Amino acid sequence: MTLEELLANAWVRGLVASVLVLTGILVVAAWATWVERRVAGRLQNRIGPNRVGWFGLLQPIADALKLLRKEVLVPDRADRGLFLLAPGLLLFFAMAAIAVVPWGPGLVAADLDIGLLWVLAMSGMMLVPTWIAGWSSNNKYSLVAGMRAAAQGISYEVPLLLSALVPVMLAGSFNLSDIAEAQARDGWYAIWPPGIGLAAFVIYFTTSLAEANRIPFDIPEAESELVAGVSTEYTGIAFGLFQMTEYIHTWLSSAVATLLFLGGWHGPFLGDSWWAGLIWMVLKTSVLFVSIMLLRWSLVRLRADQLMRFCWVWLVPISLGLVAATAIWIQVAQGGR
Amino acid sequence: MTHAVFDALNPPPVADVHLDLESYDADADLMVLNLGPQHPSTHGVFRVKLVLDGEVIVKAVPYPGYLHRGVEKLLEKLTYAQQTPIVDKNDYLSPMINEQVLNMAFEAGLGIEVPRRARWLRTILAELQRLASHLVAIGTFVMDVGGSIGGGASMFMYTFRDRELILDLFEDLTGGRFHYNTHQVGGNRHDVPVGWDVSIRAACDQIERSLDEWDVMTVKNGVFRDRTIGVGVLSRDLALQLGASGPIMRASGIDLDLRRDAPYHLYDELDVQVATGTGGDCFTRYRLRAVECRESIRLIRILLEDVPEGPLCSLKPSKGPTAVKIKDGQWYVAVEGPRGEIGTYLIAGGNKGMSPYRLKIRPPSLHALATVPYLLPGHTLSDAVAILGSLDPIMGEVDR
Amino acid sequence: MTPELQAAVGQLLGREDVAAFGMVVPAELHFALAKLLKDNGYVFYVTVVASHWPAQPAAKGAPETAEHFEVATVLRNLPQLQDNRTGSQTFSWRVDLAAGQDIDSLVPLFAGADWQEREQYDLVGVRFAGHPDLRRLMMDEDWPGHPLRRDYAIETPHAPWR
């Protein structure tokens, strides 16, 4: 059996692709911590980690080793099973979501026709382990954080889905690859249709910050009031999984935003090959990723009730309006394609 | 929960501090949450027992005392010359002012005059210290309002960077960065180093630039305004009753600043402009501190224009720790510290006149924290942390 | 201190020599004096200081004294609240208490007296009658004794300076 024959098998292909994507995303998540700390260092007039390896590039490995060697403590009164299940489940959902994200033409582990729905469903499911962690820790701070996370996640799901519907309607598909391809034809959805696309992009970007619990929407982790939120009682690699999932989620949000609004892997100069697609995709995602970081280090946190009001009073009606406006745009400007 | 816009003159209803929880809504599912003593945002080891209905605070019972070190008892046993380094550790963000008010009480007891050069130096040290302390207050408050692990800490880093400049100045003068022991009965110990005024001017210029920058980050930031305006409104009447002095009181519309109203040092020759606000909320308290920083810079620049010559201490160099003796009597001396009226009530005559019989320090932070049971109820947990940060308590001083 | 207030305080206390600092006031007039001062502009509660004076045997030149306590209260006025004058003075007086005697709490007048009086009760052991919540403030609830009393652990093996 030759390599081609082996790769023709759908099972083998799926396995290889999943291993590649999952390894890749873990590497990205690990070095995202380094990028974040360096960016924060520049922003705060300090240096950031620069001791381990060249420019501190080996810092994530040192951190991972440290976390792995630490004992995973389970609090005495915690619900042991759920407590240990939560971080793993969290990582599982994040990985499941990232599996359908295409990184270039054909570079996708699972090319689902309902890819976008799958991503949104999986990142929505991440609330469950967050809440489990908050509840099973048997810690009041964790509990408050878990309740906040649940409330926030459920609320922000609505404008997230509504604003993601705008590119779906324009491209006529839930498949992330198709949406990216459609933008090669129509132009970036963040720019065209004028106004509507940009507004949808801003709302999608904002709500995905809330979904990934990033500042200014990080009330479930609110360290100044809730110590460390749901991860208060976690130690060692269990805590590490929470941190890693947050980076994966942020990276996922950036990637999906790129695919939906910023033309996916399409870009000038490099041609249409798969590696050019990968480069453009990673570049665009990184720009969004670093801008999320810059936001994080320069904003303060909203209060829980303000967060809810912002969602239900502003984001939901506006995104509903955007969906309607997109429908009209398709009818009027594009002749009801 | 929405906050109607209250201010110090139109305050929200006063919270029932001694609320009986039995009489509270029987259907409510109350949760008791211990905020502190080991909590990242309690500025040390302050503990508040919060009774929460959902996330809204129903009752707040503070328990200070976790940092009680018996300073007043210790001061009864040390001689007058040995006390200055002890009070450095009380309000550890403004040790200069602690030292000054203590030594001013002793000087009142002895009835001695402080030479003009020493008074000039004390004034400039007080203003620099106020600046340094307010920088920490601003930075920690913004950190309390929010940020991820260190997220809001950007501002904290900026303020600490500029505070370093002032600590460097103090290091040039005294050799210490935190605990100076530079004041003594009758004057100061360390004379001004060469080129100090140039460094002071440079530091003031830098901090003034930074203050403009920070205004953009906070006062003009919508999220910051949402989080602080109308939160933790302290009414004018309550501020008076509780003795919450300093910026907290002035943010509630009371125009009292001992630098202007009961001048000491060289303040009677300076025209101190006292800023007041009527908001009484976290935002006004924050804003007021930033304005006071600018006022301090202005005063420092005026002071640097005319440096008096002369001796630095009116007493001869001390021969030992027992050189100063105060036989009998009582005095109360107060100065305006960064957190408000910091005072020393001295009852002399202990230990054959070598130590105070009783020495009580009036800590402004204790009075500021006394507002906590009134301010927290009705707010959410997030606001509780912001309110605590806006009061800028120093637990070393509260518990002594 | 205005002459009118001086006269009013003198009338209340039944004495001529009214001073803004250090007057000894009978315990039963403590609350009335604080109320009079509060009504006359001394609205800012500064501090309260209790001190313990253990029994002294008769020494040369001094008679024998019984154990007693002194409670000094400091208030501050704010003329700027009435008109636009600046300036602020304190008014301080003292109450001598026999051992075991209570003093009226000022909490009904000044809410800020709450913690201050708790602290003095905690550290010196003076009881404030009418205080709504007289618990220890600094020390543990079950701490033995009152640390700032003069007879509390004052003997040390070394001189106060070394």
# chains A, B, ... in the order shown; residues from 1 in each chain; ligands from 1
>>> residues_around(residues="Ser105 (chain C)", least_positions_apart="5", cutoff="12 Å", atoms="only C-alpha atoms", output="mmCIF file with N, CA and C atoms, in the first residue's frame")
data_model
loop_
_atom_site.group_PDB
_atom_site.id
_atom_site.type_symbol
_atom_site.label_atom_id
_atom_site.label_comp_id
_atom_site.auth_asym_id
_atom_site.auth_seq_id
_atom_site.Cartn_x
_atom_site.Cartn_y
_atom_site.Cartn_z
ATOM 1 N N ALA C 27 -18.094 63.510 83.675
ATOM 2 C CA ALA C 27 -18.563 62.478 82.737
ATOM 3 C C ALA C 27 -20.006 62.700 82.335
ATOM 4 N N GLU C 28 -20.829 63.227 83.259
ATOM 5 C CA GLU C 28 -22.250 63.344 82.927
ATOM 6 C C GLU C 28 -22.496 64.499 81.937
ATOM 7 N N LEU C 29 -21.530 65.414 81.798
ATOM 8 C CA LEU C 29 -21.724 66.505 80.844
ATOM 9 C C LEU C 29 -21.058 66.222 79.496
ATOM 10 N N HIS C 30 -20.403 65.058 79.395
ATOM 11 C CA HIS C 30 -19.652 64.720 78.180
ATOM 12 C C HIS C 30 -20.527 64.775 76.940
ATOM 13 N N PHE C 31 -21.651 64.079 76.997
ATOM 14 C CA PHE C 31 -22.517 64.001 75.822
ATOM 15 C C PHE C 31 -23.120 65.365 75.515
ATOM 16 N N ALA C 32 -23.539 66.074 76.562
ATOM 17 C CA ALA C 32 -24.162 67.385 76.364
ATOM 18 C C ALA C 32 -23.180 68.349 75.719
ATOM 19 N N ALA C 34 -20.599 67.558 73.782
ATOM 20 C CA ALA C 34 -20.400 67.174 72.389
ATOM 21 C C ALA C 34 -21.562 67.647 71.529
ATOM 22 N N LYS C 35 -22.783 67.534 72.090
ATOM 23 C CA LYS C 35 -23.954 67.958 71.327
ATOM 24 C C LYS C 35 -23.939 69.464 71.103
ATOM 25 N N VAL C 48 -10.797 59.957 69.490
ATOM 26 C CA VAL C 48 -10.991 59.791 70.926
ATOM 27 C C VAL C 48 -9.791 58.993 71.439
ATOM 28 N N VAL C 71 -10.397 59.973 79.190
ATOM 29 C CA VAL C 71 -10.851 59.866 77.799
ATOM 30 C C VAL C 71 -10.849 61.264 77.219
ATOM 31 N N THR C 73 -11.485 63.639 73.879
ATOM 32 C CA THR C 73 -12.209 63.652 72.608
ATOM 33 C C THR C 73 -11.794 64.892 71.835
ATOM 34 N N PHE C 110 -22.122 61.229 66.292
ATOM 35 C CA PHE C 110 -21.165 61.054 65.204
ATOM 36 C C PHE C 110 -21.047 59.563 64.906
ATOM 37 N N ALA C 111 -21.469 59.172 63.707
ATOM 38 C CA ALA C 111 -21.388 57.754 63.351
ATOM 39 C C ALA C 111 -19.948 57.274 63.360
ATOM 40 N N GLY C 112 -19.009 58.195 63.119
ATOM 41 C CA GLY C 112 -17.607 57.803 63.064
ATOM 42 C C GLY C 112 -17.042 57.415 64.404
ATOM 43 N N ALA C 113 -17.741 57.769 65.476
ATOM 44 C CA ALA C 113 -17.249 57.390 66.794
ATOM 45 C C ALA C 113 -17.331 55.890 67.005
ATOM 46 N N ASP C 114 -18.120 55.240 66.161
ATOM 47 C CA ASP C 114 -18.354 53.797 66.314
ATOM 48 C C ASP C 114 -17.041 53.026 66.424
ATOM 49 N N TRP C 115 -16.247 53.085 65.385
ATOM 50 C CA TRP C 115 -15.018 52.289 65.373
ATOM 51 C C TRP C 115 -13.988 52.839 66.346
ATOM 52 N N GLN C 116 -13.956 54.160 66.494
ATOM 53 C CA GLN C 116 -12.967 54.750 67.389
ATOM 54 C C GLN C 116 -13.203 54.288 68.822
ATOM 55 N N GLU C 117 -14.482 54.301 69.230
ATOM 56 C CA GLU C 117 -14.784 53.882 70.595
ATOM 57 C C GLU C 117 -14.579 52.392 70.769
ATOM 58 N N ARG C 118 -14.866 51.639 69.716
ATOM 59 C CA ARG C 118 -14.585 50.204 69.796
ATOM 60 C C ARG C 118 -13.094 49.966 69.987
ATOM 61 N N GLN C 120 -10.881 51.982 71.350
ATOM 62 C CA GLN C 120 -10.439 52.349 72.696
ATOM 63 C C GLN C 120 -10.918 51.340 73.728
ATOM 64 N N TYR C 121 -12.134 50.827 73.523
ATOM 65 C CA TYR C 121 -12.630 49.783 74.419
ATOM 66 C C TYR C 121 -11.744 48.552 74.317
ATOM 67 N N VAL C 126 -12.047 50.927 78.290
ATOM 68 C CA VAL C 126 -13.070 51.859 78.750
ATOM 69 C C VAL C 126 -14.383 51.478 78.086
ATOM 70 N N ARG C 127 -15.448 51.388 78.867
ATOM 71 C CA ARG C 127 -16.735 51.013 78.268
ATOM 72 C C ARG C 127 -17.520 52.271 77.910
ATOM 73 N N PHE C 128 -18.136 52.234 76.737
ATOM 74 C CA PHE C 128 -18.902 53.383 76.267
ATOM 75 C C PHE C 128 -20.382 53.023 76.351
ATOM 76 N N ALA C 129 -21.100 53.692 77.236
ATOM 77 C CA ALA C 129 -22.511 53.377 77.433
ATOM 78 C C ALA C 129 -23.312 53.893 76.240
ATOM 79 N N GLY C 130 -24.196 53.064 75.740
ATOM 80 C CA GLY C 130 -25.041 53.470 74.622
ATOM 81 C C GLY C 130 -24.428 53.189 73.277
ATOM 82 N N HIS C 131 -23.265 52.552 73.256
ATOM 83 C CA HIS C 131 -22.679 52.176 71.967
ATOM 84 C C HIS C 131 -23.461 50.993 71.389
ATOM 85 N N PRO C 132 -23.842 51.060 70.121
ATOM 86 C CA PRO C 132 -24.720 50.009 69.589
ATOM 87 C C PRO C 132 -24.039 48.653 69.423
ATOM 88 N N ASP C 133 -22.733 48.618 69.354
ATOM 89 C CA ASP C 133 -22.082 47.383 68.932
ATOM 90 C C ASP C 133 -20.676 47.349 69.509
ATOM 91 N N LEU C 134 -20.579 47.299 70.846
ATOM 92 C CA LEU C 134 -19.271 47.470 71.483
ATOM 93 C C LEU C 134 -18.526 46.138 71.497
#
>>> select_by_dssp(residues="chain C", states="strand (DSSP E or B)", output="count of residues only")
39
>>> residues_around(residues="Asp96 (chain C)", least_positions_apart="4", cutoff="10 Å", atoms="only C-alpha atoms", output="VMD selection string")
chain C and resid 24 to 27 50 to 51 68 to 72 101 103
>>> write_last_selection(atoms="N, CA and C atoms", output="PDB file, in the first residue's frame")
ATOM      1  N   VAL C  24     -10.996  69.604  81.743  1.00  0.00           N
ATOM      2  CA  VAL C  24     -11.521  68.365  82.332  1.00  0.00           C
ATOM      3  C   VAL C  24     -13.013  68.563  82.567  1.00  0.00           C
ATOM      4  N   VAL C  25     -13.802  67.667  82.011  1.00  0.00           N
ATOM      5  CA  VAL C  25     -15.250  67.811  82.000  1.00  0.00           C
ATOM      6  C   VAL C  25     -15.830  66.648  82.786  1.00  0.00           C
ATOM      7  N   PRO C  26     -16.853  66.886  83.617  1.00  0.00           N
ATOM      8  CA  PRO C  26     -17.480  65.760  84.313  1.00  0.00           C
ATOM      9  C   PRO C  26     -18.112  64.793  83.316  1.00  0.00           C
ATOM     10  N   ALA C  27     -18.094  63.510  83.675  1.00  0.00           N
ATOM     11  CA  ALA C  27     -18.563  62.478  82.737  1.00  0.00           C
ATOM     12  C   ALA C  27     -20.006  62.700  82.335  1.00  0.00           C
ATOM     13  N   ALA C  50      -8.261  57.179  74.892  1.00  0.00           N
ATOM     14  CA  ALA C  50      -8.400  56.769  76.282  1.00  0.00           C
ATOM     15  C   ALA C  50      -7.026  56.395  76.807  1.00  0.00           C
ATOM     16  N   SER C  51      -6.782  56.714  78.049  1.00  0.00           N
ATOM     17  CA  SER C  51      -5.506  56.317  78.641  1.00  0.00           C
ATOM     18  C   SER C  51      -5.764  55.789  80.048  1.00  0.00           C
ATOM     19  N   HIS C  68      -7.502  55.089  87.550  1.00  0.00           N
ATOM     20  CA  HIS C  68      -8.550  55.794  86.813  1.00  0.00           C
ATOM     21  C   HIS C  68      -8.196  55.840  85.331  1.00  0.00           C
ATOM     22  N   PHE C  69      -9.149  56.315  84.557  1.00  0.00           N
ATOM     23  CA  PHE C  69      -8.979  56.422  83.102  1.00  0.00           C
ATOM     24  C   PHE C  69      -9.229  57.859  82.685  1.00  0.00           C
ATOM     25  N   GLU C  70      -8.585  58.254  81.615  1.00  0.00           N
ATOM     26  CA  GLU C  70      -8.880  59.547  81.000  1.00  0.00           C
ATOM     27  C   GLU C  70      -9.329  59.303  79.573  1.00  0.00           C
ATOM     28  N   VAL C  71     -10.397  59.973  79.190  1.00  0.00           N
ATOM     29  CA  VAL C  71     -10.851  59.866  77.799  1.00  0.00           C
ATOM     30  C   VAL C  71     -10.849  61.264  77.219  1.00  0.00           C
ATOM     31  N   ALA C  72     -10.018  61.467  76.204  1.00  0.00           N
ATOM     32  CA  ALA C  72      -9.962  62.767  75.542  1.00  0.00           C
ATOM     33  C   ALA C  72     -10.659  62.651  74.195  1.00  0.00           C
ATOM     34  N   GLN C 101     -16.053  52.857  85.660  1.00  0.00           N
ATOM     35  CA  GLN C 101     -17.096  53.826  85.314  1.00  0.00           C
ATOM     36  C   GLN C 101     -17.248  53.894  83.802  1.00  0.00           C
ATOM     37  N   ILE C 103     -18.545  55.751  80.168  1.00  0.00           N
ATOM     38  CA  ILE C 103     -18.674  57.086  79.599  1.00  0.00           C
ATOM     39  C   ILE C 103     -19.705  57.006  78.494  1.00  0.00           C
TER      40      ILE C 103
END
>>> residues_around(residues="Phe156 (chain B)", least_positions_apart="3", cutoff="7 Å", atoms="only C-alpha atoms", output="PDB file with C-alpha atoms, in the first residue's frame")
ATOM      1  CA  GLY B 139      -2.729  52.791  40.087  1.00  0.00           C
ATOM      2  CA  THR B 140      -4.189  50.354  42.581  1.00  0.00           C
ATOM      3  CA  MET B 143      -6.267  47.724  39.008  1.00  0.00           C
ATOM      4  CA  ALA B 153      -2.213  46.511  35.807  1.00  0.00           C
ATOM      5  CA  THR B 159       2.101  54.886  38.103  1.00  0.00           C
ATOM      6  CA  PHE B 160       4.738  52.757  39.785  1.00  0.00           C
TER       7      PHE B 160
END
>>> residues_around(residues="region 60-66 of chain A", least_positions_apart="4", cutoff="8 Å", atoms="only C-alpha atoms", output="VMD selection string")
chain A and resid 30 to 31 33 to 34 52 70 236 to 237 240
>>> interface_residues(of="chain A", to="chain B", cutoff="12 Å", atoms="only C-alpha atoms", output="mmCIF file with C-alpha atoms, in the first residue's frame")
data_model
loop_
_atom_site.group_PDB
_atom_site.id
_atom_site.type_symbol
_atom_site.label_atom_id
_atom_site.label_comp_id
_atom_site.auth_asym_id
_atom_site.auth_seq_id
_atom_site.Cartn_x
_atom_site.Cartn_y
_atom_site.Cartn_z
ATOM 1 C CA GLU A 36 0.922 37.854 25.132
ATOM 2 C CA ARG A 37 3.516 38.324 27.823
ATOM 3 C CA VAL A 39 3.160 42.313 24.128
ATOM 4 C CA ALA A 40 2.075 43.115 27.668
ATOM 5 C CA GLY A 41 5.671 43.822 28.560
ATOM 6 C CA ARG A 42 6.061 46.296 25.711
ATOM 7 C CA LEU A 43 2.778 47.930 26.665
ATOM 8 C CA GLN A 44 3.729 48.276 30.307
ATOM 9 C CA ASN A 45 7.269 49.565 29.941
ATOM 10 C CA ARG A 46 8.834 46.331 30.989
ATOM 11 C CA ASN A 139 -15.689 27.629 46.577
ATOM 12 C CA LYS A 140 -17.941 30.654 46.712
ATOM 13 C CA TYR A 141 -15.755 32.703 44.412
ATOM 14 C CA SER A 142 -15.740 29.886 41.873
ATOM 15 C CA LEU A 143 -19.489 29.519 42.187
ATOM 16 C CA VAL A 144 -20.122 33.201 41.558
ATOM 17 C CA ALA A 145 -17.737 33.038 38.624
ATOM 18 C CA MET A 147 -22.884 31.615 37.445
ATOM 19 C CA ARG A 148 -21.548 34.747 35.806
ATOM 20 C CA ASN A 213 -13.830 35.669 28.477
ATOM 21 C CA ARG A 214 -11.398 38.341 27.440
ATOM 22 C CA ILE A 215 -11.278 41.862 28.796
ATOM 23 C CA PRO A 216 -13.458 43.900 28.990
ATOM 24 C CA PHE A 217 -15.814 40.935 29.292
ATOM 25 C CA ASP A 218 -13.773 38.687 31.567
ATOM 26 C CA ILE A 219 -16.123 38.866 34.537
ATOM 27 C CA PRO A 220 -15.994 35.076 35.063
ATOM 28 C CA GLU A 221 -12.285 35.393 35.723
ATOM 29 C CA ALA A 222 -12.403 38.821 37.379
ATOM 30 C CA GLU A 223 -9.229 38.452 39.371
ATOM 31 C CA SER A 224 -9.619 41.621 41.362
ATOM 32 C CA GLU A 225 -12.938 40.507 42.829
ATOM 33 C CA LEU A 226 -13.144 36.724 42.310
ATOM 34 C CA VAL A 227 -9.483 35.830 42.944
ATOM 35 C CA ALA A 228 -9.132 33.705 39.784
ATOM 36 C CA GLY A 229 -12.736 32.942 38.962
ATOM 37 C CA THR A 232 -9.387 29.499 41.770
ATOM 38 C CA GLN A 243 -5.229 28.928 30.629
ATOM 39 C CA GLU A 246 -8.526 30.468 26.943
ATOM 40 C CA ILE A 292 -7.350 41.347 21.387
ATOM 41 C CA MET A 293 -4.259 41.339 23.580
ATOM 42 C CA LEU A 294 -3.769 45.070 23.239
ATOM 43 C CA LEU A 295 -7.406 45.555 24.220
ATOM 44 C CA ARG A 296 -6.903 43.316 27.193
ATOM 45 C CA TRP A 297 -4.010 45.303 28.542
ATOM 46 C CA SER A 298 -5.591 48.697 28.144
ATOM 47 C CA LEU A 299 -9.221 48.362 29.198
ATOM 48 C CA VAL A 300 -10.942 47.883 32.513
ATOM 49 C CA ARG A 301 -13.611 45.327 33.155
ATOM 50 C CA LEU A 302 -17.339 45.901 32.867
ATOM 51 C CA ARG A 303 -19.636 45.005 35.716
ATOM 52 C CA ALA A 304 -21.855 41.959 35.299
ATOM 53 C CA ASP A 305 -25.093 43.916 35.034
ATOM 54 C CA GLN A 306 -23.580 46.440 32.629
ATOM 55 C CA LEU A 307 -22.379 43.549 30.529
ATOM 56 C CA MET A 308 -25.893 42.122 30.325
ATOM 57 C CA ARG A 309 -27.414 45.469 29.539
ATOM 58 C CA PHE A 310 -24.849 46.065 26.818
#
>>> interface_residues(of="chain B", to="chain C", cutoff="6 Å", atoms="only C-alpha atoms", output="list in words")
Gly65, Lys73, Lys77, Leu78, Leu240, Gln241, Leu242, Gly243, Asp261 and Ala262 of chain B
>>> select_by_dssp(residues="region 20-109 of chain C", states="helix (DSSP H, G or I)", output="list in words")
Ala27, Glu28, Leu29, His30, Phe31, Ala32, Leu33, Ala34, Lys35, Leu36, Leu37, Lys38, Asp39, Pro79, Gln80, Leu81 and Gln82 of chain C
>>> residues_around(residues="region 279-291 of chain A", least_positions_apart="4", cutoff="7 Å", atoms="only C-alpha atoms", output="list in words")
Trp103, Gly104, Thr250, Trp251, Ser254, Ala255, Thr258, Gly264, Trp265, His266, Gly267, Trp275 and Leu295 of chain A
>>> write_last_selection(atoms="C-alpha atoms", output="compact mmCIF listing (two decimals), in the first residue's frame")
# COMPACT_ATOMS: atom_id res chain seq x y z
CA TRP A 103 -6.38 27.04 7.45
CA GLY A 104 -6.01 27.21 3.70
CA THR A 250 -9.17 33.39 21.57
CA TRP A 251 -7.22 32.00 18.63
CA SER A 254 -9.78 35.28 15.68
CA ALA A 255 -9.63 32.56 13.04
CA THR A 258 -10.98 36.08 9.75
CA GLY A 264 -10.16 33.88 5.04
CA TRP A 265 -6.98 32.65 3.41
CA HIS A 266 -7.25 34.87 0.35
CA GLY A 267 -4.64 37.55 -0.07
CA TRP A 275 0.99 27.45 1.75
CA LEU A 295 -7.41 45.55 24.22
>>> residues_around(residues="His249 (chain A)", least_positions_apart="5", cutoff="8 Å", atoms="only C-alpha atoms", output="PyMOL selection string")
chain A and resi 94+123+212
>>> write_last_selection(atoms="N, CA and C atoms", output="PDB file, in the first residue's frame")
ATOM      1  N   ALA A  94     -12.985  22.917  22.987  1.00  0.00           N
ATOM      2  CA  ALA A  94     -12.198  23.877  22.223  1.00  0.00           C
ATOM      3  C   ALA A  94     -11.566  23.201  21.020  1.00  0.00           C
ATOM      4  N   SER A 123     -18.248  26.164  20.974  1.00  0.00           N
ATOM      5  CA  SER A 123     -17.816  27.213  21.897  1.00  0.00           C
ATOM      6  C   SER A 123     -18.939  27.548  22.860  1.00  0.00           C
ATOM      7  N   ALA A 212     -14.866  34.310  24.717  1.00  0.00           N
ATOM      8  CA  ALA A 212     -13.567  33.803  25.148  1.00  0.00           C
ATOM      9  C   ALA A 212     -13.166  34.370  26.504  1.00  0.00           C
TER      10      ALA A 212
END
